[in-house]
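Presented below is the structure to which this report refers.
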Amino acid sequence: MTLPKKRIVVAMSGGVDSSVAAFLLLEQGFEVIGVTLQLHACHESAPGRSCCGTDAVAQARAAAGCLGIHHYVLDCRQVFEQAVLLRAWEEYSRGRTPNPCVICNEHIKLGMLFDYAKALGAEKIATGHYARIGVRNNGDAFLLRGADILKDQSYFLFSICSERLSAALFPVGRLTKDAVRTIARQIGLRNAEREESQDACFSTRGTAYPEILRQRFNEAMDPGPFLDEEGRFLGMHEGIHRFTVGQRRGLGVPLGSAAWVKSIDPKSGAVFLTTTKEGLTAQGLIATGVRWHALAQRFKRLRCSVQVRYNQAPVLATVEQDEPGTVRVLFERPLMAVSPGQAAVFYCGDRLLGGGWIDRGIHCASSGPAKVQNESNR
Amino acid sequence: MKRIYFDNNATTRLNPKVLEEMLPYLRDTYGNASSIHWFGQETRRAIDLAREHVAEFIAASADEIVFTSGGTEADNQAILGIANILGKPGRRIITTAVEHQAVWNSCSHLEKNGFRVTYLSVDSQGRIDLQALADSIDDDVILISVMLANNEVGTVQPVREAAQIAKSRGILFHTDAVQAAGRIPLDVHHLGVDLLSLSAHKFHGPKGCGALFVRSSIPRPVLIHGGHQERMMRAGTENVAAIVGFGQACLFAGQRLHENSSFTESLRDRLEKGIVERVPEVTINGCPEHRLPNTLNVSFEAVEGQMLAMNLDLMGIAVSTGSACQSDTMGPSYVLLAMGRTEAQASSCVRFSLGSDNTVEEVDIVLRALPELVEGLRH
């Protein structure tokens, strides 16, 4: 007598990674159910590339057909609108640079999908993320970087709690992208050569994404001044939501030389520009909403590496924790463009220790403009 | 996995005997029915015969049958075609709040072009009020369209009585009989309708083929313009194999109508009784006295209908949460909302629609699976 197969739900974006993930789980003997999460209304999804549009549904359905598994589309539009898009807009409108992929993973892909999986009689879920899950001696699950260091997506998963990780599988996390494509070709998946879908949800042609969000939520334009590092007026801009720290392009103010956004003051609506790259560097950062995995929650001081955006080479840093949830991070070497709203994620080698949201960069204490920024954020 | 198909209102299995009749017209008999030569004549004869079968199925005469690409096109042709002949902005169409989207959206398209549309409300069983229909008629009304049987809950409307009201006021009357065909007897004279829509695939015919009955005494509605086919009422080279299959499906459905109806009704009643006995807190949606014999729509309180349908699917049991044509919008059923159900009730329904292929054993398998499944999904 054979035991009934264990049921697992796989989030299928239509891309090669999640399709191969589904295949690998079949190989492991699971009863696999493919689920595509509908995030946008059909007419809103960007053609071709989006990981959540109707094209994606068709791609996922084709992959599920190729594997001979059940496939369903689950409507996540309302949660996506509220938990991801509206929150992203709120961040932009405060002059911060949100990371909607982290929020989407937390609330949708590794959030509401669990509830759906449970209702479908599955205890576990899987996604096509490039990350690995380890287990401590006490049974707690923690994250490891994906084996393909160029594709590693652990950064986007830092906020997933241990309990959820214990019920999740990332089958392609131990593979390289090349290996995944090879498997896809071997099993005859039509999407083997398809381009990446990561981030495609939030990319648009033409109009910048924050501007699209502003229009979506019917928010008024809120113009403000461009100021130089000494606080001199340089011109007007159409709203702080359009800018991110470190941004160079599309500033819309002629200065005669290259300029970058150094900081944004949401109270006055001022965007501070710098004409030197040095003006952009930060020596450290303050992060809030920090969560730790696989680590004692209460510590004073920690040496580890930190990443302040996706695909940035990690730097060594000292993390000081005064109160749980808030840390002061000092880098061993200065980092460019530390953007409030982005995630600061901490690693020890491949092991993800935790992460939080960047509140502000710490700039050289002696420089005048840094002072301006510190005051403006106080 | 042996699968069970309880979604015959979405579509049905092609009758293998129908397929046999169609195959020659996909292989060797390929002439264009409009051609004068032997090839064309062979095809023409096949279409003529099919038209007779369809006409006989609804007690019409052959020259009152216009072949279309399906029920949706037939509905569009009836409504847009008549509006085009009799209408001008300001004129009015009366229909119901529970029509299939093919009728509904044809009407709302006309609304955008200056027509007015009255959507008659229905009672908690899904039936219209004839007095309300009579009261809503004025001189501006050019067409009344009331479906014969609802696709989601199976409620059969008092079409004969409604058509009489229309006739007494000199107004054309259309009925969408797509879901009724093959399930209850159809007789255009008894019903007294001027226009009636049919679709082949709802009773074991092929997809992509339907018909509009157009009473010979009324103006001729046209939707698709082009060649002279279908007596200038529907241009385009005929879909011969499908038309032949449609004719055969009508022939079989007509011959076995009583037998099939009472058989599916016995299965449906066994399923309904079993669910009511075994599963607490369920509501049967629809009209007990006037309901298609094969349809059972059930609200399972505090259960997400979609989740129940998916779980049944994982066990190999195919049902739906309402109209297959609406399932991509994922909202609660507008039919159940129109029947006065709350959003929660409307989202908690599952439709079982049986067919002559189903068996008592299949009903019992579903009945064994349901109680535990429903209990597990209750929130």
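By order of appearance in the structure tokens: chains A, B, ..., then residues from 1 within every chain, and ligands from 1 in the order shown.
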Contact residues around Arg368 in chain B with only C-alpha atoms at 12 Å, ignoring same-chain residues under 4 positions, as a count of residues only | 16
Test item: chain B residues at most 8 Å from chain A, counting only C-alpha atoms, as number ranges by chain | B: 307, 310-311, 314, 330, 376-377
Near-Met336 in chain A list (7 Å; only C-alpha atoms; drop same-chain fewer than 2 positions) as a PyMOL selection string | chain A and resi 280-282+334+338
Contact residues around Pro225 in chain A with only C-alpha atoms at 9 Å, ignoring same-chain residues under 3 positions, as a PyMOL selection string | chain A and resi 233-239+268-272
If you keep C-alpha atoms, can you produce a file of those selected residues as a PDB file, in the first residue's frame?
ATOM      1  CA  PHE A 233      17.461  77.517  -3.761  1.00  0.00           C
ATOM      2  CA  LEU A 234      18.103  75.818  -7.131  1.00  0.00           C
ATOM      3  CA  GLY A 235      14.625  75.436  -8.570  1.00  0.00           C
ATOM      4  CA  MET A 236      11.298  73.700  -8.058  1.00  0.00           C
ATOM      5  CA  HIS A 237      10.305  70.032  -8.362  1.00  0.00           C
ATOM      6  CA  GLU A 238       6.872  68.375  -8.749  1.00  0.00           C
ATOM      7  CA  GLY A 239       6.874  66.417  -5.521  1.00  0.00           C
ATOM      8  CA  SER A 268       9.538  71.049   4.075  1.00  0.00           C
ATOM      9  CA  GLY A 269       9.282  69.148   0.809  1.00  0.00           C
ATOM     10  CA  ALA A 270      12.890  70.061   0.017  1.00  0.00           C
ATOM     11  CA  VAL A 271      15.105  67.855  -2.133  1.00  0.00           C
ATOM     12  CA  PHE A 272      18.800  68.400  -1.359  1.00  0.00           C
TER      13      PHE A 272
END
Give me every alpha helix (DSSP H) residue in range 103-270 of chain B, going by DSSP on the backbone, as a ChimeraX atom specification.
-> /B:103-112,130-136,159-168,188-191,240-255,257-270
Name the residues of range 113-342 of chain B that come out as strand (DSSP E) in a backbone DSSP run; write them as a VMD selection string.
-> chain B and resid 116 to 120 141 to 145 172 to 176 195 to 199 210 to 214 282 to 285 295 to 300 317 to 318
Tell me which protein, DNA and RNA residues are within 12 Å of range 78-91 of chain A, counting only C-alpha atoms, leaving out same-chain ones fewer than 6 positions away, and put them as a PDB file with C-alpha atoms, in the first residue's frame.
ATOM      1  CA  LEU A  37      -1.490  34.982  -7.675  1.00  0.00           C
ATOM      2  CA  GLN A  38      -3.415  37.622  -9.541  1.00  0.00           C
ATOM      3  CA  LEU A  39      -2.142  40.956  -8.327  1.00  0.00           C
ATOM      4  CA  HIS A  40      -3.349  43.418 -10.952  1.00  0.00           C
ATOM      5  CA  ALA A  41      -6.571  43.779 -12.875  1.00  0.00           C
ATOM      6  CA  CYS A  52       1.480  38.755 -12.344  1.00  0.00           C
ATOM      7  CA  THR A  97      12.086  54.665  -1.406  1.00  0.00           C
ATOM      8  CA  PRO A  98       9.938  51.617  -0.654  1.00  0.00           C
ATOM      9  CA  ASN A  99      10.776  48.031  -1.436  1.00  0.00           C
ATOM     10  CA  PRO A 100       7.451  46.585  -2.573  1.00  0.00           C
ATOM     11  CA  CYS A 101       8.930  43.150  -3.354  1.00  0.00           C
ATOM     12  CA  VAL A 102       9.735  42.585   0.330  1.00  0.00           C
ATOM     13  CA  ILE A 103       6.219  43.610   1.316  1.00  0.00           C
ATOM     14  CA  CYS A 104       4.670  41.477  -1.420  1.00  0.00           C
ATOM     15  CA  ASN A 105       6.641  38.437  -0.282  1.00  0.00           C
ATOM     16  CA  GLU A 106       5.627  38.986   3.307  1.00  0.00           C
ATOM     17  CA  HIS A 107       1.924  39.653   2.732  1.00  0.00           C
ATOM     18  CA  ILE A 108       1.162  37.699  -0.399  1.00  0.00           C
ATOM     19  CA  LYS A 109       3.617  35.095  -1.670  1.00  0.00           C
ATOM     20  CA  GLY A 111       1.586  35.437   3.455  1.00  0.00           C
ATOM     21  CA  MET A 112      -1.927  34.885   2.191  1.00  0.00           C
ATOM     22  CA  LEU A 113      -0.760  31.969   0.081  1.00  0.00           C
ATOM     23  CA  CYS A 201       5.440  44.100 -11.226  1.00  0.00           C
ATOM     24  CA  PHE A 202       6.757  47.523 -10.403  1.00  0.00           C
ATOM     25  CA  TYR A 209       6.311  54.229 -10.935  1.00  0.00           C
ATOM     26  CA  PRO A 210       5.800  56.649  -8.028  1.00  0.00           C
ATOM     27  CA  GLU A 211       4.003  59.009 -10.371  1.00  0.00           C
ATOM     28  CA  ILE A 212       1.725  56.171 -11.477  1.00  0.00           C
ATOM     29  CA  LEU A 213       0.958  55.433  -7.827  1.00  0.00           C
ATOM     30  CA  ARG A 214       0.182  59.081  -7.151  1.00  0.00           C
ATOM     31  CA  GLN A 215      -2.345  59.066  -9.989  1.00  0.00           C
ATOM     32  CA  ARG A 216      -3.753  55.707  -8.851  1.00  0.00           C
ATOM     33  CA  PHE A 217      -4.497  56.975  -5.365  1.00  0.00           C
ATOM     34  CA  ASN A 218      -5.669  60.373  -6.620  1.00  0.00           C
ATOM     35  CA  GLU A 219      -3.154  62.277  -4.564  1.00  0.00           C
ATOM     36  CA  ILE A 240       9.252  64.469  -3.318  1.00  0.00           C
ATOM     37  CA  HIS A 241       7.664  61.153  -4.300  1.00  0.00           C
ATOM     38  CA  ARG A 242       9.564  61.365  -7.571  1.00  0.00           C
ATOM     39  CA  PHE A 243      12.992  61.202  -5.960  1.00  0.00           C
ATOM     40  CA  THR A 244      15.174  58.653  -4.328  1.00  0.00           C
ATOM     41  CA  PRO A 266       9.444  65.316   3.849  1.00  0.00           C
ATOM     42  CA  SER A 339      18.020  55.259   0.794  1.00  0.00           C
ATOM     43  CA  PRO A 340      15.465  55.606   3.580  1.00  0.00           C
ATOM     44  CA  GLY A 341      12.696  53.049   3.038  1.00  0.00           C
ATOM     45  CA  GLN A 342      14.943  50.373   1.572  1.00  0.00           C
ATOM     46  CA  TRP A 357      13.989  49.261   7.240  1.00  0.00           C
ATOM     47  CA  ILE A 358      16.460  52.086   6.689  1.00  0.00           C
ATOM     48  CA  ASP A 359      15.297  55.149   8.581  1.00  0.00           C
TER      49      ASP A 359
ATOM     50  CA  MET B 330     -14.022  36.284  -9.247  1.00  0.00           C
ATOM     51  CA  GLY B 331     -16.744  38.438  -7.740  1.00  0.00           C
TER      52      GLY B 331
END
Within 12 Å of Val180 in chain A, counting only C-alpha atoms, which residues show up once you throw out same-chain ones fewer than 6 positions away? Write them as a PyMOL selection string, please.
-> chain A and resi 15-24+128-130+147-148+151+171-174+186-187+189+191-194
Store the residues picked out above in a file with N, CA and C atoms, as a compact mmCIF listing (two decimals), in the first residue's frame.
# COMPACT_ATOMS: atom_id res chain seq x y z
N GLY A 15 7.07 31.96 -14.78
CA GLY A 15 8.49 32.01 -15.12
C GLY A 15 9.13 30.64 -14.97
N VAL A 16 10.37 30.59 -15.42
CA VAL A 16 11.07 29.31 -15.44
C VAL A 16 11.38 28.82 -14.02
N ASP A 17 11.67 29.74 -13.10
CA ASP A 17 12.09 29.33 -11.76
C ASP A 17 10.98 28.58 -11.01
N SER A 18 9.79 29.19 -10.99
CA SER A 18 8.71 28.54 -10.23
C SER A 18 8.22 27.30 -10.97
N SER A 19 8.33 27.28 -12.29
CA SER A 19 7.91 26.09 -13.03
C SER A 19 8.84 24.93 -12.71
N VAL A 20 10.15 25.21 -12.68
CA VAL A 20 11.10 24.15 -12.35
C VAL A 20 10.94 23.74 -10.88
N ALA A 21 10.63 24.73 -10.02
CA ALA A 21 10.38 24.40 -8.62
C ALA A 21 9.25 23.37 -8.52
N ALA A 22 8.19 23.60 -9.28
CA ALA A 22 7.06 22.66 -9.26
C ALA A 22 7.51 21.28 -9.73
N PHE A 23 8.32 21.27 -10.78
CA PHE A 23 8.82 19.99 -11.29
C PHE A 23 9.65 19.26 -10.24
N LEU A 24 10.54 19.98 -9.57
CA LEU A 24 11.41 19.35 -8.59
C LEU A 24 10.60 18.75 -7.43
N GLY A 128 9.55 29.97 -6.29
CA GLY A 128 10.74 29.85 -7.13
C GLY A 128 11.85 30.80 -6.71
N HIS A 129 11.86 31.21 -5.45
CA HIS A 129 12.91 32.13 -4.99
C HIS A 129 14.27 31.45 -4.94
N TYR A 130 15.29 32.24 -5.24
CA TYR A 130 16.66 31.77 -5.08
C TYR A 130 17.12 32.09 -3.66
N ALA A 147 22.15 29.43 -3.77
CA ALA A 147 23.46 28.90 -4.18
C ALA A 147 24.04 29.70 -5.35
N ASP A 148 23.17 30.22 -6.21
CA ASP A 148 23.63 31.07 -7.31
C ASP A 148 23.71 32.50 -6.77
N LYS A 151 21.99 35.36 -8.40
CA LYS A 151 20.52 35.36 -8.43
C LYS A 151 19.91 35.41 -7.03
N PRO A 171 12.69 25.27 -3.83
CA PRO A 171 13.40 24.16 -4.48
C PRO A 171 14.55 24.57 -5.40
N VAL A 172 14.50 25.78 -5.97
CA VAL A 172 15.60 26.14 -6.89
C VAL A 172 16.72 26.87 -6.15
N GLY A 173 16.55 27.08 -4.87
CA GLY A 173 17.54 27.85 -4.11
C GLY A 173 18.91 27.21 -4.08
N ARG A 174 18.95 25.90 -4.26
CA ARG A 174 20.25 25.22 -4.22
C ARG A 174 20.85 25.07 -5.62
N GLN A 186 15.18 20.27 -20.48
CA GLN A 186 15.10 18.81 -20.49
C GLN A 186 13.66 18.33 -20.38
N ILE A 187 12.87 19.03 -19.56
CA ILE A 187 11.49 18.56 -19.40
C ILE A 187 10.54 19.24 -20.38
N LEU A 189 9.80 22.53 -20.94
CA LEU A 189 9.00 23.70 -20.57
C LEU A 189 9.17 24.79 -21.62
N ASN A 191 8.68 27.86 -21.31
CA ASN A 191 9.18 29.14 -20.81
C ASN A 191 10.64 29.09 -20.41
N ALA A 192 11.37 28.03 -20.87
CA ALA A 192 12.76 27.86 -20.46
C ALA A 192 13.62 29.08 -20.75
N GLU A 193 13.33 29.76 -21.85
CA GLU A 193 14.19 30.88 -22.26
C GLU A 193 13.59 32.24 -21.89
N ARG A 194 12.53 32.21 -21.11
CA ARG A 194 11.84 33.46 -20.81
C ARG A 194 12.69 34.38 -19.94
As an mmCIF file with C-alpha atoms, in the first residue's frame, please: the residues near Gln229 in chain B (cut-off 10 Å, only C-alpha atoms, same-chain neighbours under 2 positions excluded).
data_model
loop_
_atom_site.group_PDB
_atom_site.id
_atom_site.type_symbol
_atom_site.label_atom_id
_atom_site.label_comp_id
_atom_site.auth_asym_id
_atom_site.auth_seq_id
_atom_site.Cartn_x
_atom_site.Cartn_y
_atom_site.Cartn_z
ATOM 1 C CA ALA B 33 -22.492 25.196 -49.573
ATOM 2 C CA SER B 34 -22.944 28.207 -51.851
ATOM 3 C CA VAL B 66 -30.412 31.169 -38.547
ATOM 4 C CA PHE B 67 -27.175 29.411 -37.733
ATOM 5 C CA HIS B 225 -22.822 41.598 -42.747
ATOM 6 C CA GLY B 226 -21.273 40.098 -45.860
ATOM 7 C CA GLY B 227 -22.414 37.358 -48.196
ATOM 8 C CA ARG B 231 -30.940 34.233 -46.159
ATOM 9 C CA MET B 232 -28.943 37.434 -45.689
ATOM 10 C CA MET B 233 -29.290 37.192 -41.928
ATOM 11 C CA ARG B 234 -25.855 35.831 -41.079
ATOM 12 C CA ALA B 235 -23.020 36.246 -43.531
ATOM 13 C CA GLY B 236 -19.985 33.993 -43.668
ATOM 14 C CA THR B 237 -19.261 30.552 -45.073
ATOM 15 C CA GLU B 238 -21.127 28.009 -42.993
#
